[in-house]
Amino acid sequence: MADNKTHRAGFVNIVGNPNVGKSTLMNALVGERLSIITSKAQTTRHRIMGIVNGDDFQIVYSDTPGVLKPNYMLQEQMLEFSRSALVDADVLLYVTDVQDSPEKNADFLEKVKRMAAANTKVFLIINKIDLTTQETLDNLVDYWHKQLPQAQVFPISAQEKFGVEQLFEAIKGALPPSPPFFDKDQLTDKPARFFVDEIIREKILLNYDKEIPYSVEVEVETFHDEDPSEQHPKGIIRISAVIYVERDSQKGIIIGKAGSALKRVGSQARRDIEAFFENPVFLQLFVKVDKDWRSSKSRLRHYGYTE
């Protein structure tokens, strides 16, 4: 174990536009599936920490929501999570990809440029390079060198794990000398219930279209880890969770005919929750209406989006 003089630690915050692969990159760097991943925008709603420890270093990653123009109070808070990542970063990972429009959310990029000019370490990540040609990639690298001359540019494929190890080593080298911020055996700052919420919400994103997934919030009501028994030698985790929607009509869509849609979501979620906790799980899902929760300051506070 390194002493505090040789130990390095820092906050490495991941920001960028929606759908550029921030969560995939976070999971690849952490080596655990902490952030949910779908092809839909606004998959990540919270700022999620993943902690990587070594004998002489600790990296505290933060995955953040994609930068967007907010249309309602929930999106305003999601943007605030992204903005806050600009304030406390020792290393900032600005993620784009080979299909991203550099002009999108230009005001946020200007803030990143100011951070780089003020000597914050900024790494510009060009993701999904497996989806383009070498010529296009070379042009993108030149473009971003001009846009952020102080930043190091890393072409990678987070999905294929190409370039991730080199990025990880560069991040380690950029950490400031510091004692660890968290216990060395800690993986994240989020409680177990949070990841149950997220896994269920991921299945909703994958199984429903249009506005339904964005109108949904999930809340675990009970989480009981039972001791091993003759029936369950490894023990069993009993979970009861509520899926909240904004309208009665949405409740019917979530449940589906004879409950078929809700059963499908529950079955898919249970399998992933069991894999996450490496334990058998009994999952009960209920659907309730919480009218216009996305635009209610008190409800957003209740669901953990504001303090």
# chains A, B, ... in the order shown; residues from 1 in each chain; ligands from 1
call {"tool": "closest_atom_pairs", "arguments": {"of": "segment 21-96 of chain A", "to": "segment 284-303 of chain A", "cutoff": "6 Å", "atoms": "only C-alpha atoms", "output": "tab-separated table"}}
result
residue	atom	partner	partner_atom	distance
A:Tyr72	CA	A:Ser295	CA	5.9
A:Met73	CA	A:Ser295	CA	4.8
A:Leu74	CA	A:Arg294	CA	5.2
call {"tool": "residues_around", "arguments": {"residues": "Phe108 of chain A", "least_positions_apart": "5", "cutoff": "10 Å", "atoms": "only C-alpha atoms", "output": "MDAnalysis selection string"}}
result
chainID A and resid 15:17 67:68 79 82:83 86 113
call {"tool": "residues_around", "arguments": {"residues": "segment 28-38 of chain A", "least_positions_apart": "3", "cutoff": "6 Å", "atoms": "only C-alpha atoms", "output": "ChimeraX atom specification"}}
result
/A:23,25,52
call {"tool": "write_last_selection", "arguments": {"atoms": "N, CA and C atoms", "output": "CSV table (one decimal), in the first residue's frame"}}
result
chain,number,residue,atom,x,y,z
A,23,SER,N,-21.9,5.9,-20.9
A,23,SER,CA,-22.1,4.8,-20.0
A,23,SER,C,-21.3,3.6,-20.3
A,25,LEU,N,-18.5,3.5,-21.8
A,25,LEU,CA,-17.1,3.8,-21.5
A,25,LEU,C,-16.9,3.7,-20.0
A,52,VAL,N,-12.5,2.9,-8.9
A,52,VAL,CA,-11.4,1.9,-9.2
A,52,VAL,C,-10.2,2.1,-8.3
call {"tool": "closest_residue", "arguments": {"among": "A:Gln250, A:Ser215, A:Thr132, A:Ser39", "to": "Gln99 of chain A", "atoms": "only C-alpha atoms"}}
result
A:Thr132
call {"tool": "atom_distance", "arguments": {"atom1": "atom CA of Asp227 of chain A", "atom2": "atom CA of Gln268 of chain A"}}
result
24.3 Å
call {"tool": "residues_around", "arguments": {"residues": "Ala241 of chain A", "least_positions_apart": "4", "cutoff": "6 Å", "atoms": "only C-alpha atoms", "output": "PyMOL selection string"}}
result
chain A and resi 219-221+285
call {"tool": "write_last_selection", "arguments": {"atoms": "N, CA and C atoms", "output": "tab-separated table (two decimals), in the first residue's frame"}}
result
chain	number	residue	atom	x	y	z
A	219	GLU	N	-39.16	3.03	-8.02
A	219	GLU	CA	-38.77	3.16	-6.62
A	219	GLU	C	-38.90	1.81	-5.91
A	220	VAL	N	-37.79	1.36	-5.32
A	220	VAL	CA	-37.82	0.14	-4.53
A	220	VAL	C	-38.46	0.45	-3.18
A	221	GLU	N	-39.52	-0.28	-2.84
A	221	GLU	CA	-40.20	-0.06	-1.56
A	221	GLU	C	-39.63	-0.95	-0.46
A	285	LEU	N	-43.41	-6.38	-8.90
A	285	LEU	CA	-43.55	-5.06	-9.50
A	285	LEU	C	-45.00	-4.59	-9.43
call {"tool": "closest_residue", "arguments": {"among": "A:Lys184, A:Arg114, A:Val153, A:Lys104", "to": "Asp55 of chain A", "atoms": "only C-alpha atoms"}}
result
A:Lys184
call {"tool": "closest_residue", "arguments": {"among": "A:Thr6, A:Ser249, A:Thr222, A:Gln147", "to": "Ala106 of chain A", "atoms": "only C-alpha atoms"}}
result
A:Gln147
call {"tool": "closest_residue", "arguments": {"among": "A:Glu211, A:Glu76, A:Glu278, A:Glu230", "to": "Val245 of chain A", "atoms": "only C-alpha atoms"}}
result
A:Glu211
call {"tool": "residues_around", "arguments": {"residues": "Ile14 of chain A", "least_positions_apart": "3", "cutoff": "12 Å", "atoms": "only C-alpha atoms", "output": "ChimeraX atom specification"}}
result
/A:11,17-18,20-27,29,44,47-50,60-67,81-86,88-96,112,122-125,171
call {"tool": "write_last_selection", "arguments": {"atoms": "N, CA and C atoms", "output": "short mmCIF file (atom, residue, chain, number, x, y, z; two decimals), in the first residue's frame"}}
result
data_model
loop_
_atom_site.label_atom_id
_atom_site.label_comp_id
_atom_site.auth_asym_id
_atom_site.auth_seq_id
_atom_site.Cartn_x
_atom_site.Cartn_y
_atom_site.Cartn_z
N PHE A 11 -10.97 12.78 -9.15
CA PHE A 11 -12.31 12.65 -9.71
C PHE A 11 -12.22 12.80 -11.23
N ASN A 17 -22.56 14.76 -25.22
CA ASN A 17 -23.93 14.75 -25.73
C ASN A 17 -24.59 13.38 -25.52
N PRO A 18 -25.91 13.29 -25.67
CA PRO A 18 -26.57 11.99 -25.53
C PRO A 18 -26.11 10.99 -26.59
N VAL A 20 -23.49 9.10 -27.09
CA VAL A 20 -22.12 8.98 -27.61
C VAL A 20 -21.35 7.85 -26.93
N GLY A 21 -21.98 7.17 -25.95
CA GLY A 21 -21.34 6.01 -25.34
C GLY A 21 -20.68 6.29 -24.01
N LYS A 22 -21.15 7.30 -23.28
CA LYS A 22 -20.54 7.63 -21.98
C LYS A 22 -20.69 6.48 -20.99
N SER A 23 -21.88 5.90 -20.92
CA SER A 23 -22.12 4.82 -19.95
C SER A 23 -21.33 3.56 -20.31
N THR A 24 -21.25 3.25 -21.61
CA THR A 24 -20.44 2.11 -22.04
C THR A 24 -18.99 2.31 -21.66
N LEU A 25 -18.50 3.54 -21.84
CA LEU A 25 -17.11 3.84 -21.46
C LEU A 25 -16.91 3.74 -19.96
N MET A 26 -17.84 4.28 -19.20
CA MET A 26 -17.76 4.19 -17.74
C MET A 26 -17.66 2.73 -17.29
N ASN A 27 -18.55 1.89 -17.80
CA ASN A 27 -18.53 0.48 -17.41
C ASN A 27 -17.23 -0.20 -17.82
N LEU A 29 -14.27 1.23 -18.15
CA LEU A 29 -13.18 1.72 -17.31
C LEU A 29 -13.25 1.16 -15.89
N THR A 44 -29.27 7.73 -19.04
CA THR A 44 -28.70 8.08 -17.73
C THR A 44 -29.40 9.34 -17.21
N ARG A 47 -26.10 11.31 -11.73
CA ARG A 47 -24.65 11.26 -11.76
C ARG A 47 -24.23 10.04 -10.95
N ILE A 48 -23.60 9.08 -11.61
CA ILE A 48 -23.30 7.78 -11.01
C ILE A 48 -21.79 7.61 -10.86
N MET A 49 -21.34 7.33 -9.65
CA MET A 49 -19.91 7.15 -9.41
C MET A 49 -19.51 5.68 -9.48
N GLY A 50 -18.36 5.44 -10.08
CA GLY A 50 -17.74 4.12 -10.08
C GLY A 50 -16.29 4.29 -9.63
N VAL A 60 -12.05 7.97 -9.10
CA VAL A 60 -13.49 8.10 -8.84
C VAL A 60 -14.14 8.64 -10.12
N TYR A 61 -14.70 7.72 -10.91
CA TYR A 61 -15.37 8.11 -12.15
C TYR A 61 -16.78 8.59 -11.86
N SER A 62 -17.27 9.50 -12.69
CA SER A 62 -18.69 9.90 -12.66
C SER A 62 -19.26 9.85 -14.06
N ASP A 63 -20.29 9.03 -14.24
CA ASP A 63 -21.08 9.06 -15.47
C ASP A 63 -22.18 10.10 -15.28
N THR A 64 -22.47 10.87 -16.32
CA THR A 64 -23.46 11.95 -16.20
C THR A 64 -24.48 11.86 -17.33
N PRO A 65 -25.65 12.47 -17.15
CA PRO A 65 -26.64 12.50 -18.24
C PRO A 65 -26.10 13.23 -19.46
N GLY A 66 -26.60 12.85 -20.63
CA GLY A 66 -26.23 13.56 -21.85
C GLY A 66 -26.70 15.00 -21.81
N VAL A 67 -25.88 15.88 -22.36
CA VAL A 67 -26.21 17.32 -22.35
C VAL A 67 -27.34 17.57 -23.34
N PHE A 81 -26.71 18.02 -13.26
CA PHE A 81 -25.74 16.97 -12.94
C PHE A 81 -24.53 17.06 -13.87
N SER A 82 -24.77 17.31 -15.16
CA SER A 82 -23.67 17.43 -16.12
C SER A 82 -22.83 18.67 -15.84
N ARG A 83 -23.50 19.77 -15.54
CA ARG A 83 -22.75 21.01 -15.25
C ARG A 83 -21.90 20.86 -14.00
N SER A 84 -22.44 20.17 -12.98
CA SER A 84 -21.69 20.01 -11.74
C SER A 84 -20.41 19.21 -11.96
N ALA A 85 -20.41 18.35 -12.99
CA ALA A 85 -19.22 17.55 -13.29
C ALA A 85 -18.09 18.41 -13.82
N LEU A 86 -18.40 19.62 -14.28
CA LEU A 86 -17.36 20.52 -14.74
C LEU A 86 -16.65 21.22 -13.58
N ASP A 88 -15.93 19.94 -10.29
CA ASP A 88 -15.07 19.21 -9.35
C ASP A 88 -14.19 18.17 -10.03
N ALA A 89 -13.94 18.31 -11.32
CA ALA A 89 -13.15 17.31 -12.04
C ALA A 89 -11.65 17.57 -11.89
N ASP A 90 -10.92 16.52 -11.54
CA ASP A 90 -9.46 16.56 -11.68
C ASP A 90 -9.07 16.24 -13.12
N VAL A 91 -9.81 15.33 -13.72
CA VAL A 91 -9.66 15.01 -15.13
C VAL A 91 -11.06 14.97 -15.74
N LEU A 92 -11.26 15.66 -16.85
CA LEU A 92 -12.56 15.67 -17.52
C LEU A 92 -12.46 14.87 -18.81
N LEU A 93 -13.34 13.90 -18.98
CA LEU A 93 -13.43 13.15 -20.22
C LEU A 93 -14.62 13.69 -21.01
N TYR A 94 -14.33 14.43 -22.08
CA TYR A 94 -15.41 14.92 -22.94
C TYR A 94 -15.56 13.91 -24.07
N VAL A 95 -16.71 13.23 -24.10
CA VAL A 95 -16.91 12.13 -25.04
C VAL A 95 -17.75 12.61 -26.22
N THR A 96 -17.23 12.36 -27.40
CA THR A 96 -17.98 12.54 -28.64
C THR A 96 -17.91 11.21 -29.38
N VAL A 112 -16.28 23.61 -21.50
CA VAL A 112 -15.18 22.63 -21.50
C VAL A 112 -13.90 23.29 -22.01
N VAL A 122 -8.11 17.85 -19.64
CA VAL A 122 -9.25 17.44 -20.45
C VAL A 122 -8.78 16.42 -21.47
N PHE A 123 -9.45 15.28 -21.49
CA PHE A 123 -9.21 14.26 -22.49
C PHE A 123 -10.42 14.24 -23.43
N LEU A 124 -10.16 14.41 -24.72
CA LEU A 124 -11.22 14.37 -25.72
C LEU A 124 -11.31 12.95 -26.26
N ILE A 125 -12.44 12.30 -26.02
CA ILE A 125 -12.63 10.91 -26.40
C ILE A 125 -13.49 10.83 -27.66
N ILE A 171 -5.23 8.20 -17.71
CA ILE A 171 -5.98 8.76 -16.57
C ILE A 171 -5.19 8.58 -15.28
#
